[in-house]
$ cat start.txt   # compact mmCIF, C-alpha atoms
# COMPACT_ATOMS: atom_id res chain seq x y z
CA ALA A 20 -67.62 30.22 38.98
CA VAL A 21 -65.48 33.09 37.69
CA ILE A 22 -64.87 35.83 40.26
CA ASN A 23 -63.37 38.79 38.42
CA ASP A 24 -64.09 42.34 37.27
CA LEU A 25 -65.83 43.41 34.08
CA SER A 26 -63.92 46.04 32.10
CA GLY A 27 -65.49 47.73 29.09
CA PHE A 28 -62.13 48.19 27.37
CA GLY A 29 -58.89 46.27 27.67
CA LYS A 30 -59.91 42.75 26.59
CA CYS A 31 -59.26 41.40 30.07
CA SER A 32 -60.87 39.97 33.18
CA LEU A 33 -64.41 38.63 32.60
CA THR A 34 -64.43 39.63 28.92
CA ALA A 35 -61.45 37.37 28.28
CA ALA A 36 -62.36 34.68 30.81
CA VAL A 37 -65.95 34.08 29.72
CA SER A 38 -65.07 33.78 26.02
CA ALA A 39 -62.04 31.52 26.56
CA ILE A 40 -63.72 29.23 29.09
CA ALA A 41 -66.87 28.90 26.97
CA ALA A 42 -64.77 28.10 23.88
CA MET A 43 -63.28 25.20 25.83
CA GLY A 44 -66.73 23.68 26.38
CA VAL A 45 -67.02 24.74 30.02
CA GLN A 46 -69.85 26.95 31.32
CA PRO A 47 -68.52 30.17 32.91
CA CYS A 48 -70.69 31.62 35.69
CA PRO A 49 -69.45 35.18 36.31
CA LEU A 50 -69.51 36.85 39.72
CA PRO A 51 -68.39 40.48 39.13
CA THR A 52 -66.08 42.08 41.69
CA ALA A 53 -66.34 45.48 39.98
CA VAL A 54 -67.51 47.07 36.76
CA LEU A 55 -65.00 49.40 35.11
CA SER A 56 -65.25 51.67 32.10
CA ALA A 57 -61.78 50.38 31.14
CA GLN A 58 -59.04 48.36 32.81
CA THR A 59 -56.85 50.16 35.34
CA GLY A 60 -53.89 50.60 32.99
CA TYR A 61 -55.65 53.42 31.17
CA PRO A 62 -54.91 57.01 32.30
CA SER A 63 -58.53 57.50 33.41
CA TYR A 64 -61.31 55.05 34.25
CA TYR A 65 -64.49 54.71 36.29
CA CYS A 66 -64.77 51.82 38.76
CA ASP A 67 -68.00 50.67 40.39
CA ASP A 68 -67.01 48.42 43.31
CA PHE A 69 -69.37 45.43 43.65
CA THR A 70 -68.31 44.36 47.16
CA ASP A 71 -71.76 44.93 48.67
CA ARG A 72 -73.54 43.27 45.74
CA MET A 73 -71.41 40.15 45.48
CA PRO A 74 -73.11 38.41 48.46
CA ARG A 75 -76.55 39.28 47.08
CA ILE A 76 -75.66 37.40 43.91
CA PHE A 77 -74.09 34.32 45.44
CA ARG A 78 -76.76 34.00 48.15
CA GLU A 79 -79.22 33.55 45.30
CA TRP A 80 -76.93 30.87 43.88
CA GLU A 81 -77.00 29.21 47.28
CA LYS A 82 -80.81 29.16 47.16
CA MET A 83 -80.57 27.51 43.75
CA GLN A 84 -78.34 24.81 45.31
CA VAL A 85 -75.88 25.09 42.44
CA ARG A 86 -72.63 23.12 42.41
CA PHE A 87 -69.44 24.18 40.65
CA ASP A 88 -66.77 21.94 39.12
CA GLY A 89 -64.29 24.73 39.74
CA ILE A 90 -63.93 28.22 41.17
CA TYR A 91 -61.54 30.76 39.65
CA THR A 92 -60.70 34.13 41.20
CA GLY A 93 -58.99 37.01 39.42
CA PHE A 94 -58.97 40.78 39.98
CA LEU A 95 -60.28 41.91 43.35
CA SER A 96 -60.74 45.64 43.90
CA GLY A 97 -58.94 45.58 47.25
CA GLU A 98 -58.21 43.66 50.42
CA HIS A 99 -61.78 44.36 51.60
CA GLN A 100 -63.06 41.87 49.01
CA ILE A 101 -60.94 38.95 50.22
CA GLN A 102 -63.33 38.20 53.10
CA VAL A 103 -66.29 38.29 50.70
CA VAL A 104 -64.56 35.69 48.52
CA LEU A 105 -63.74 33.58 51.57
CA ASP A 106 -67.44 33.70 52.53
CA PHE A 107 -68.25 32.50 49.00
CA LEU A 108 -65.77 29.64 49.37
CA ASP A 109 -67.28 28.59 52.70
CA ILE A 110 -70.49 27.92 50.79
CA PHE A 111 -69.30 26.58 47.43
CA GLU A 112 -65.79 25.13 47.85
CA THR A 113 -65.88 21.37 48.39
CA ASP A 114 -63.58 18.36 48.29
CA ASP A 115 -65.05 17.58 44.86
CA ASN A 116 -64.20 20.84 43.10
CA PHE A 117 -61.09 22.97 42.73
CA LEU A 118 -60.12 26.56 43.45
CA LEU A 119 -57.76 28.40 41.12
CA VAL A 120 -56.48 31.72 42.44
CA ASP A 121 -54.89 34.17 40.03
CA PRO A 122 -53.41 36.57 42.63
CA VAL A 123 -53.64 39.80 40.64
CA MET A 124 -51.41 42.22 42.57
CA GLY A 125 -48.57 43.48 40.38
CA ASP A 126 -46.16 43.01 37.49
CA ASN A 127 -42.71 44.03 36.26
CA GLY A 128 -41.23 44.01 39.75
CA ALA A 129 -43.80 46.23 41.50
CA ARG A 130 -47.21 46.06 43.14
CA TYR A 131 -50.01 47.76 41.19
CA PRO A 132 -50.62 51.32 42.52
CA VAL A 133 -54.33 50.59 43.13
CA PHE A 134 -53.44 48.11 45.90
CA SER A 135 -52.20 48.68 49.44
CA PRO A 136 -49.56 46.58 51.26
CA GLN A 137 -52.42 44.98 53.20
CA MET A 138 -53.56 43.36 49.96
CA GLU A 139 -50.49 41.10 50.03
CA SER A 140 -51.23 39.57 53.42
CA GLU A 141 -54.92 39.14 52.64
CA MET A 142 -54.15 37.57 49.25
CA ARG A 143 -51.87 35.05 50.97
CA LEU A 144 -54.88 33.87 52.98
CA LEU A 145 -56.89 33.36 49.81
CA ALA A 146 -54.03 31.69 47.92
CA ALA A 147 -53.50 29.26 50.80
CA ARG A 148 -57.00 27.85 50.16
CA ALA A 149 -56.34 27.27 46.47
CA ASP A 150 -55.64 23.97 44.76
CA LEU A 151 -53.81 25.84 42.01
CA ILE A 152 -52.29 29.34 41.83
CA THR A 153 -51.20 31.20 38.70
CA PRO A 154 -49.03 34.16 39.78
CA ASN A 155 -46.69 36.01 37.49
CA LEU A 156 -43.13 36.26 38.77
CA THR A 157 -43.79 39.54 40.61
CA GLU A 158 -46.89 38.16 42.31
CA LEU A 159 -45.01 35.01 43.26
CA CYS A 160 -42.47 37.15 45.10
CA LEU A 161 -45.27 39.05 46.86
CA LEU A 162 -46.96 35.81 47.95
CA ALA A 163 -43.65 34.38 49.16
CA GLY A 164 -42.71 37.58 51.02
CA GLU A 165 -39.64 38.13 48.85
CA ASP A 166 -38.32 41.36 47.33
CA CYS A 167 -40.05 41.56 43.94
CA ARG A 168 -37.30 43.79 42.55
CA VAL A 169 -35.37 40.61 41.74
CA VAL A 170 -37.63 40.33 38.68
CA LYS A 171 -35.68 43.18 37.09
CA GLU A 172 -32.33 42.65 38.80
CA ILE A 173 -31.79 39.00 37.81
CA ARG A 174 -31.54 38.42 34.06
CA ASP A 175 -29.97 34.96 34.14
CA GLY A 176 -32.62 32.49 33.02
CA GLU A 177 -31.42 29.50 35.01
CA ARG A 178 -31.13 31.50 38.20
CA LEU A 179 -34.63 32.95 37.72
CA LYS A 180 -36.11 29.51 37.12
CA MET A 181 -34.40 28.06 40.20
CA LEU A 182 -35.59 30.96 42.35
CA ALA A 183 -39.15 30.72 40.99
CA GLU A 184 -39.27 26.97 41.56
CA GLU A 185 -37.99 27.39 45.12
CA MET A 186 -40.61 30.06 45.94
CA ALA A 187 -43.41 28.09 44.25
CA ASN A 188 -42.53 24.90 46.16
CA ALA A 189 -42.66 26.86 49.40
CA LEU A 190 -46.28 27.75 48.60
CA LEU A 191 -47.32 24.14 47.91
CA THR A 192 -48.70 23.48 51.36
CA GLY A 193 -52.06 22.25 52.64
CA ARG A 194 -54.60 22.16 49.82
CA THR A 195 -52.32 23.86 47.28
CA LYS A 196 -50.80 21.18 45.03
CA GLU A 197 -49.99 23.09 41.82
CA ALA A 198 -48.55 26.45 40.82
CA VAL A 199 -47.93 27.97 37.41
CA VAL A 200 -45.54 30.92 37.40
CA THR A 201 -46.02 33.07 34.32
CA GLY A 202 -44.00 35.79 32.63
CA ILE A 203 -40.46 34.63 33.48
CA ARG A 204 -38.39 36.91 31.23
CA TYR A 205 -34.70 36.44 30.50
CA THR A 206 -32.15 36.55 27.67
CA ASP A 207 -30.91 33.29 26.19
CA GLU A 208 -27.14 33.21 26.73
CA GLU A 209 -26.37 31.34 23.51
CA THR A 210 -28.59 33.23 21.07
CA GLY A 211 -29.03 36.57 22.82
CA ILE A 212 -32.78 36.31 22.15
CA ALA A 213 -35.21 37.73 24.71
CA MET A 214 -37.38 34.92 26.04
CA ILE A 215 -40.48 34.59 28.20
CA GLY A 216 -41.49 31.35 29.88
CA ASN A 217 -43.97 29.66 32.19
CA LEU A 218 -43.04 27.31 35.01
CA ALA A 219 -45.49 24.63 36.18
CA VAL A 220 -44.60 23.31 39.63
CA THR A 221 -46.28 20.35 41.33
CA LYS A 222 -45.36 17.96 44.15
CA GLU A 223 -43.97 15.65 41.46
CA GLY A 224 -41.60 18.18 39.90
CA ALA A 225 -41.37 21.19 37.60
CA HIS A 226 -41.87 21.80 33.89
CA PHE A 227 -40.58 24.94 32.15
CA ALA A 228 -41.33 26.08 28.61
CA ALA A 229 -40.35 29.36 26.95
CA LEU A 230 -40.95 31.22 23.70
CA PRO A 231 -39.26 34.29 22.18
CA PHE A 232 -40.55 37.49 23.79
CA ILE A 233 -42.18 39.82 21.28
CA GLY A 234 -43.67 43.25 21.74
CA GLU A 235 -44.43 44.07 25.34
CA SER A 236 -46.80 43.16 28.15
CA TYR A 237 -50.39 43.42 26.94
CA SER A 238 -53.58 43.82 28.92
CA GLY A 239 -55.48 40.61 29.53
CA THR A 240 -52.82 38.02 28.70
CA GLY A 241 -52.63 36.87 32.31
CA ASP A 242 -56.41 36.55 32.44
CA LEU A 243 -56.43 34.51 29.24
CA PHE A 244 -53.70 32.25 30.56
CA ALA A 245 -55.41 31.59 33.89
CA SER A 246 -58.76 31.07 32.14
CA VAL A 247 -57.36 28.39 29.83
CA VAL A 248 -55.71 26.65 32.78
CA ALA A 249 -58.93 26.81 34.83
CA ALA A 250 -61.12 25.48 32.02
CA GLY A 251 -58.52 22.83 31.21
CA LYS A 252 -58.63 21.60 34.79
CA ALA A 253 -62.43 21.55 34.68
CA ARG A 254 -62.46 19.37 31.56
CA GLY A 255 -59.71 17.06 32.82
CA ASP A 256 -56.70 18.24 30.79
CA ARG A 257 -53.16 17.73 32.06
CA LEU A 258 -51.69 20.89 33.57
CA THR A 259 -48.71 20.92 31.19
CA ASP A 260 -51.05 20.59 28.19
CA SER A 261 -53.13 23.54 29.37
CA VAL A 262 -50.01 25.65 29.93
CA THR A 263 -48.73 24.82 26.44
CA LEU A 264 -52.10 25.57 24.84
CA ALA A 265 -52.48 28.91 26.63
CA ALA A 266 -48.94 29.98 25.74
CA GLU A 267 -49.37 29.14 22.05
CA MET A 268 -52.69 30.96 21.73
CA ILE A 269 -51.34 34.04 23.50
CA ARG A 270 -48.15 33.98 21.41
CA ARG A 271 -50.15 34.13 18.19
CA ALA A 272 -52.45 36.83 19.55
CA ILE A 273 -49.54 39.00 20.70
CA GLY A 274 -47.83 38.56 17.34
CA ASP A 275 -50.89 39.96 15.59
CA ALA A 276 -51.19 42.82 18.08
CA VAL A 277 -47.55 43.80 17.50
CA ARG A 278 -47.89 43.70 13.71
CA GLU A 279 -51.09 45.73 13.84
CA ARG A 280 -49.58 48.19 16.36
CA VAL A 281 -52.33 47.70 18.91
CA PRO A 282 -51.71 49.81 22.07
CA ARG A 283 -50.79 47.60 25.03
CA ASN A 284 -53.74 48.80 27.12
CA ASP A 285 -56.18 47.66 24.42
CA GLY A 286 -55.19 43.99 24.75
CA VAL A 287 -54.32 41.30 22.22
CA GLU A 288 -56.14 39.94 19.18
CA TYR A 289 -57.14 36.71 20.91
CA GLU A 290 -60.66 36.35 19.50
CA ARG A 291 -59.42 34.95 16.19
CA TYR A 292 -57.64 32.13 18.06
CA LEU A 293 -60.44 30.90 20.29
CA TRP A 294 -60.86 28.02 17.82
CA MET A 295 -57.63 26.55 19.22
CA LEU A 296 -59.30 25.93 22.56
CA THR A 297 -62.08 23.60 21.42
CA GLU A 298 -61.88 19.89 22.20
CA GLU A 299 -61.56 18.92 18.53
CA ASN A 300 -58.87 21.42 17.61
CA ARG A 301 -56.95 20.80 20.83
CA ALA A 302 -56.47 17.20 19.71
CA LEU A 303 -55.36 18.31 16.24
CA LEU A 304 -52.82 20.76 17.71
CA LYS A 305 -51.36 18.03 19.94
CA GLU A 306 -50.98 15.74 16.92
CA GLY A 307 -49.44 18.40 14.71

$ encode --input "start.txt" --output "structure tokens"
Amino acid sequence: AVINDLSGFGKCSLTAAVSAIAAMGVQPCPLPTAVLSAQTGYPSYYCDDFTDRMPRIFREWEKMQVRFDGIYTGFLSGEHQIQVVLDFLDIFETDDNFLLVDPVMGDNGARYPVFSPQMESEMRLLAARADLITPNLTELCLLAGEDCRVVKEIRDGERLKMLAEEMANALLTGRTKEAVVTGIRYTDEETGIAMIGNLAVTKEGAHFAALPFIGESYSGTGDLFASVVAAGKARGDRLTDSVTLAAEMIRRAIGDAVRERVPRNDGVEYERYLWMLTEENRALLKEG
């Protein structure tokens, strides 16, 4: 089950999630939280909030007695939707499936303008029910109740990684056993190269991997990342393998977007790299 919005433009949310998850051999079952003319980064957009229609959809699923291997939540249009999602989980979350929460709230050291401060406290309730969370560094700070301005103030890579690992470990309580912190940006002290990395934290330890940062932040990359991780978990992949696969696909897609001068709001050229996500090509990439 993929609980996210549908945006006509921006290559994000359900558009990205459904294509990536399906490419990985997993059936995505979308539950729209809103339908937008374009993602919220554009100067103007229309948003049709689906809060009142979400229960109508999943009550029909309940009648069908469907069972999900996993549940993945992304963009919610506001704190008022958290309770609707919790109602969904009361029906469909079990000990035999997993919940991945991508706590979409902010980036680059600030909360998104479309959200109120109440969204943070409500999102913490949802994240606490998750088996796995995939916040970016800003969202990690918001979940942990820390000042998210540190994202811009601290440029030392080691210090950022230590801080992120400490905050992520603090969130590994109850059902939550795994966290992947995305978008950790810093400058390599030896080479002076701008880097961006992802930190996977579990009860057993932490794994960090980084690549050179190119271009800028593009619409939909967080959705693609969380989608690959969610589908990977559904098909039994190791978390570190899913993180590596997502990062490599997104790196190639961003590289193309930069060369082709695609505006950041339009999203990355990920479609041409969906082949990387299939079972057969995943094995080939691991070998090579």

$ atom_distance --input "start.txt" --atom1 "CA of Gly176 (chain A)" --atom2 "CA of Val199 (chain A)"
16.6 Å

$ residues_around --input "start.txt" --residues "Asp260 (chain A)" --least-positions-apart "3" --cutoff "10 Å" --atoms "only C-alpha atoms" --output "PDB file with C-alpha atoms, keeping the file's coordinate frame"
ATOM      1  CA  VAL A 248     -55.710  26.650  32.780  1.00  0.00           C
ATOM      2  CA  GLY A 251     -58.520  22.830  31.210  1.00  0.00           C
ATOM      3  CA  ASP A 256     -56.700  18.240  30.790  1.00  0.00           C
ATOM      4  CA  ARG A 257     -53.160  17.730  32.060  1.00  0.00           C
ATOM      5  CA  THR A 263     -48.730  24.820  26.440  1.00  0.00           C
ATOM      6  CA  LEU A 264     -52.100  25.570  24.840  1.00  0.00           C
ATOM      7  CA  ALA A 265     -52.480  28.910  26.630  1.00  0.00           C
ATOM      8  CA  ALA A 266     -48.940  29.980  25.740  1.00  0.00           C
ATOM      9  CA  ARG A 301     -56.950  20.800  20.830  1.00  0.00           C
ATOM     10  CA  LYS A 305     -51.360  18.030  19.940  1.00  0.00           C
TER      11      LYS A 305
END

$ closest_residue --input "start.txt" --among "A:Glu235, A:Glu184, A:Asp242, A:Glu299" --to "Ala276 (chain A)" --atoms "all atoms listed in the file"
A:Glu235

$ closest_residue --input "start.txt" --among "A:Ala20, A:Leu161, A:Leu179, A:Val200" --to "Ser140 (chain A)" --atoms "only C-alpha atoms"
A:Leu161

$ closest_residue --input "start.txt" --among "A:Phe94, A:Tyr292, A:Phe87, A:Phe244" --to "Phe107 (chain A)" --atoms "only C-alpha atoms"
A:Phe87

$ closest_atom_pairs --input "start.txt" --of "region 122-226 of chain A" --to "region 60-67 of chain A" --cutoff "12 Å" --atoms "all atoms listed in the file" --output "JSON lines"
{"residue": "A:Gly125", "atom": "CA", "partner": "A:Gly60", "partner_atom": "CA", "distance": 11.6}
{"residue": "A:Asp126", "atom": "CA", "partner": "A:Gly60", "partner_atom": "CA", "distance": 11.7}
{"residue": "A:Tyr131", "atom": "CA", "partner": "A:Gly60", "partner_atom": "CA", "distance": 9.5}
{"residue": "A:Pro132", "atom": "CA", "partner": "A:Gly60", "partner_atom": "CA", "distance": 10.1}
{"residue": "A:Val133", "atom": "CA", "partner": "A:Gly60", "partner_atom": "CA", "distance": 10.1}

$ closest_residue --input "start.txt" --among "A:Phe111, A:Arg291, A:His99, A:Arg270" --to "Gln84 (chain A)" --atoms "all atoms listed in the file"
A:Phe111

$ residues_near_point --input "start.txt" --point "(-63.2, 39.8, 29.2)" --cutoff "12 Å" --atoms "all atoms listed in the file" --output "CSV table (one decimal) with C-alpha atoms, in the frame of the given file"
chain,number,residue,atom,x,y,z
A,21,VAL,CA,-65.5,33.1,37.7
A,22,ILE,CA,-64.9,35.8,40.3
A,23,ASN,CA,-63.4,38.8,38.4
A,24,ASP,CA,-64.1,42.3,37.3
A,25,LEU,CA,-65.8,43.4,34.1
A,26,SER,CA,-63.9,46.0,32.1
A,27,GLY,CA,-65.5,47.7,29.1
A,28,PHE,CA,-62.1,48.2,27.4
A,29,GLY,CA,-58.9,46.3,27.7
A,30,LYS,CA,-59.9,42.8,26.6
A,31,CYS,CA,-59.3,41.4,30.1
A,32,SER,CA,-60.9,40.0,33.2
A,33,LEU,CA,-64.4,38.6,32.6
A,34,THR,CA,-64.4,39.6,28.9
A,35,ALA,CA,-61.4,37.4,28.3
A,36,ALA,CA,-62.4,34.7,30.8
A,37,VAL,CA,-66.0,34.1,29.7
A,38,SER,CA,-65.1,33.8,26.0
A,39,ALA,CA,-62.0,31.5,26.6
A,40,ILE,CA,-63.7,29.2,29.1
A,41,ALA,CA,-66.9,28.9,27.0
A,47,PRO,CA,-68.5,30.2,32.9
A,49,PRO,CA,-69.4,35.2,36.3
A,51,PRO,CA,-68.4,40.5,39.1
A,54,VAL,CA,-67.5,47.1,36.8
A,55,LEU,CA,-65.0,49.4,35.1
A,57,ALA,CA,-61.8,50.4,31.1
A,58,GLN,CA,-59.0,48.4,32.8
A,93,GLY,CA,-59.0,37.0,39.4
A,94,PHE,CA,-59.0,40.8,40.0
A,238,SER,CA,-53.6,43.8,28.9
A,239,GLY,CA,-55.5,40.6,29.5
A,240,THR,CA,-52.8,38.0,28.7
A,241,GLY,CA,-52.6,36.9,32.3
A,242,ASP,CA,-56.4,36.6,32.4
A,243,LEU,CA,-56.4,34.5,29.2
A,246,SER,CA,-58.8,31.1,32.1
A,285,ASP,CA,-56.2,47.7,24.4
A,286,GLY,CA,-55.2,44.0,24.8
A,287,VAL,CA,-54.3,41.3,22.2
A,289,TYR,CA,-57.1,36.7,20.9
A,290,GLU,CA,-60.7,36.4,19.5

$ closest_residue --input "start.txt" --among "A:Glu298, A:Glu165, A:Glu288, A:Asp114" --to "Ala189 (chain A)" --atoms "all atoms listed in the file"
A:Glu165

$ closest_atom_pairs --input "start.txt" --of "region 156-186 of chain A" --to "region 207-231 of chain A" --cutoff "10 Å" --atoms "only C-alpha atoms" --output "CSV"
residue,atom,partner,partner_atom,distance
A:Leu156,CA,A:Asn217,CA,9.4
A:Arg174,CA,A:Asp207,CA,9.4
A:Asp175,CA,A:Glu208,CA,8.1
A:Gly176,CA,A:Asp207,CA,7.1
A:Glu177,CA,A:Asp207,CA,9.6
A:Lys180,CA,A:Leu218,CA,7.6
A:Ala183,CA,A:Leu218,CA,7.9
A:Glu184,CA,A:Val220,CA,6.7
A:Glu185,CA,A:Val220,CA,9.5

$ closest_residue --input "start.txt" --among "A:Thr201, A:Trp80, A:Met124, A:Met142" --to "Ile101 (chain A)" --atoms "only C-alpha atoms"
A:Met142

$ atom_distance --input "start.txt" --atom1 "CA of Lys171 (chain A)" --atom2 "CA of Asn188 (chain A)"
21.5 Å

$ atom_distance --input "start.txt" --atom1 "CA of Thr297 (chain A)" --atom2 "CA of Gly89 (chain A)"
18.5 Å

$ residues_around --input "start.txt" --residues "Arg78 (chain A)" --least-positions-apart "4" --cutoff "12 Å" --atoms "only C-alpha atoms" --output "list in words"
Leu50, Arg72, Met73, Pro74, Lys82, Met83, Gln84, Val85, Val103, Asp106, Phe107, Leu108, Asp109, Ile110 and Phe111 of chain A

$ residues_around --input "start.txt" --residues "Asn127 (chain A)" --least-positions-apart "4" --cutoff "10 Å" --atoms "only C-alpha atoms" --output "VMD selection string"
chain A and resid 131 155 to 158 167 to 171 202 204 236

$ axis_aligned_box --input "start.txt" --around "region 219-226 of chain A" --padding-each-side "6 Å" --output "lines of an AutoDock Vina configuration file"
center_x = -43.8
center_y = 20.1
center_z = 39.0
size_x = 16.9
size_y = 21.0
size_z = 22.3

$ residues_near_point --input "start.txt" --point "(-62.2, 24.8, 40.5)" --cutoff "10 Å" --atoms "all atoms listed in the file" --output "list in words"
Ala20, Val21, Phe87, Asp88, Gly89, Ile90, Tyr91, Thr92, Glu112, Thr113, Asp115, Asn116, Phe117, Leu118, Leu119, Val120, Ala149, Asp150, Leu151, Ala249, Ala250, Lys252 and Ala253 of chain A

$ write_last_selection --input "start.txt" --atoms "C-alpha atoms" --output "short mmCIF file (atom, residue, chain, number, x, y, z; two decimals), in the coordinates of the input"
data_model
loop_
_atom_site.label_atom_id
_atom_site.label_comp_id
_atom_site.auth_asym_id
_atom_site.auth_seq_id
_atom_site.Cartn_x
_atom_site.Cartn_y
_atom_site.Cartn_z
CA ALA A 20 -67.62 30.22 38.98
CA VAL A 21 -65.48 33.09 37.69
CA PHE A 87 -69.44 24.18 40.65
CA ASP A 88 -66.77 21.94 39.12
CA GLY A 89 -64.29 24.73 39.74
CA ILE A 90 -63.93 28.22 41.17
CA TYR A 91 -61.54 30.76 39.65
CA THR A 92 -60.70 34.13 41.20
CA GLU A 112 -65.79 25.13 47.85
CA THR A 113 -65.88 21.37 48.39
CA ASP A 115 -65.05 17.58 44.86
CA ASN A 116 -64.20 20.84 43.10
CA PHE A 117 -61.09 22.97 42.73
CA LEU A 118 -60.12 26.56 43.45
CA LEU A 119 -57.76 28.40 41.12
CA VAL A 120 -56.48 31.72 42.44
CA ALA A 149 -56.34 27.27 46.47
CA ASP A 150 -55.64 23.97 44.76
CA LEU A 151 -53.81 25.84 42.01
CA ALA A 249 -58.93 26.81 34.83
CA ALA A 250 -61.12 25.48 32.02
CA LYS A 252 -58.63 21.60 34.79
CA ALA A 253 -62.43 21.55 34.68
#

$ decode --input "start.txt" --residues "region 142-148 of chain A" --atoms "all heavy atoms" --output "PDB file, in the first residue's frame"
ATOM      1  N   MET A 142       3.381  13.894  13.201  1.00  0.00           N
ATOM      2  CA  MET A 142       4.228  12.995  12.420  1.00  0.00           C
ATOM      3  C   MET A 142       5.054  12.101  13.337  1.00  0.00           C
ATOM      4  O   MET A 142       5.341  10.946  12.999  1.00  0.00           O
ATOM      5  CB  MET A 142       5.143  13.787  11.490  1.00  0.00           C
ATOM      6  CG  MET A 142       5.990  12.932  10.545  1.00  0.00           C
ATOM      7  SD  MET A 142       5.008  11.894   9.422  1.00  0.00           S
ATOM      8  CE  MET A 142       4.534  13.120   8.191  1.00  0.00           C
ATOM      9  N   ARG A 143       5.430  12.592  14.497  1.00  0.00           N
ATOM     10  CA  ARG A 143       6.170  11.756  15.455  1.00  0.00           C
ATOM     11  C   ARG A 143       5.327  10.559  15.882  1.00  0.00           C
ATOM     12  O   ARG A 143       5.851   9.457  16.082  1.00  0.00           O
ATOM     13  CB  ARG A 143       6.574  12.584  16.676  1.00  0.00           C
ATOM     14  CG  ARG A 143       7.666  13.611  16.396  1.00  0.00           C
ATOM     15  CD  ARG A 143       8.139  14.297  17.667  1.00  0.00           C
ATOM     16  NE  ARG A 143       8.959  15.456  17.333  1.00  0.00           N
ATOM     17  CZ  ARG A 143       8.626  16.716  17.599  1.00  0.00           C
ATOM     18  NH1 ARG A 143       7.488  16.980  18.231  1.00  0.00           N
ATOM     19  NH2 ARG A 143       9.427  17.714  17.251  1.00  0.00           N
ATOM     20  N   LEU A 144       4.027  10.757  16.032  1.00  0.00           N
ATOM     21  CA  LEU A 144       3.135   9.644  16.394  1.00  0.00           C
ATOM     22  C   LEU A 144       3.124   8.587  15.302  1.00  0.00           C
ATOM     23  O   LEU A 144       3.162   7.385  15.588  1.00  0.00           O
ATOM     24  CB  LEU A 144       1.711  10.171  16.625  1.00  0.00           C
ATOM     25  CG  LEU A 144       1.501  11.115  17.806  1.00  0.00           C
ATOM     26  CD1 LEU A 144       0.049  11.598  17.827  1.00  0.00           C
ATOM     27  CD2 LEU A 144       1.846  10.429  19.120  1.00  0.00           C
ATOM     28  N   LEU A 145       3.071   9.039  14.053  1.00  0.00           N
ATOM     29  CA  LEU A 145       3.058   8.099  12.934  1.00  0.00           C
ATOM     30  C   LEU A 145       4.398   7.389  12.812  1.00  0.00           C
ATOM     31  O   LEU A 145       4.450   6.157  12.649  1.00  0.00           O
ATOM     32  CB  LEU A 145       2.729   8.833  11.636  1.00  0.00           C
ATOM     33  CG  LEU A 145       2.736   7.998  10.353  1.00  0.00           C
ATOM     34  CD1 LEU A 145       1.741   6.840  10.452  1.00  0.00           C
ATOM     35  CD2 LEU A 145       2.407   8.885   9.148  1.00  0.00           C
ATOM     36  N   ALA A 146       5.488   8.149  12.906  1.00  0.00           N
ATOM     37  CA  ALA A 146       6.823   7.563  12.766  1.00  0.00           C
ATOM     38  C   ALA A 146       7.101   6.535  13.858  1.00  0.00           C
ATOM     39  O   ALA A 146       7.819   5.553  13.631  1.00  0.00           O
ATOM     40  CB  ALA A 146       7.885   8.661  12.788  1.00  0.00           C
ATOM     41  N   ALA A 147       6.526   6.738  15.041  1.00  0.00           N
ATOM     42  CA  ALA A 147       6.752   5.804  16.146  1.00  0.00           C
ATOM     43  C   ALA A 147       6.140   4.435  15.876  1.00  0.00           C
ATOM     44  O   ALA A 147       6.533   3.447  16.496  1.00  0.00           O
ATOM     45  CB  ALA A 147       6.178   6.387  17.440  1.00  0.00           C
ATOM     46  N   ARG A 148       5.195   4.350  14.934  1.00  0.00           N
ATOM     47  CA  ARG A 148       4.581   3.067  14.593  1.00  0.00           C
ATOM     48  C   ARG A 148       5.320   2.349  13.469  1.00  0.00           C
ATOM     49  O   ARG A 148       5.005   1.210  13.134  1.00  0.00           O
ATOM     50  CB  ARG A 148       3.119   3.267  14.179  1.00  0.00           C
ATOM     51  CG  ARG A 148       2.227   3.642  15.345  1.00  0.00           C
ATOM     52  CD  ARG A 148       0.761   3.630  14.962  1.00  0.00           C
ATOM     53  NE  ARG A 148       0.266   2.323  14.537  1.00  0.00           N
ATOM     54  CZ  ARG A 148      -1.025   1.997  14.533  1.00  0.00           C
ATOM     55  NH1 ARG A 148      -1.925   2.871  14.940  1.00  0.00           N
ATOM     56  NH2 ARG A 148      -1.418   0.807  14.122  1.00  0.00           N
TER      57      ARG A 148
END
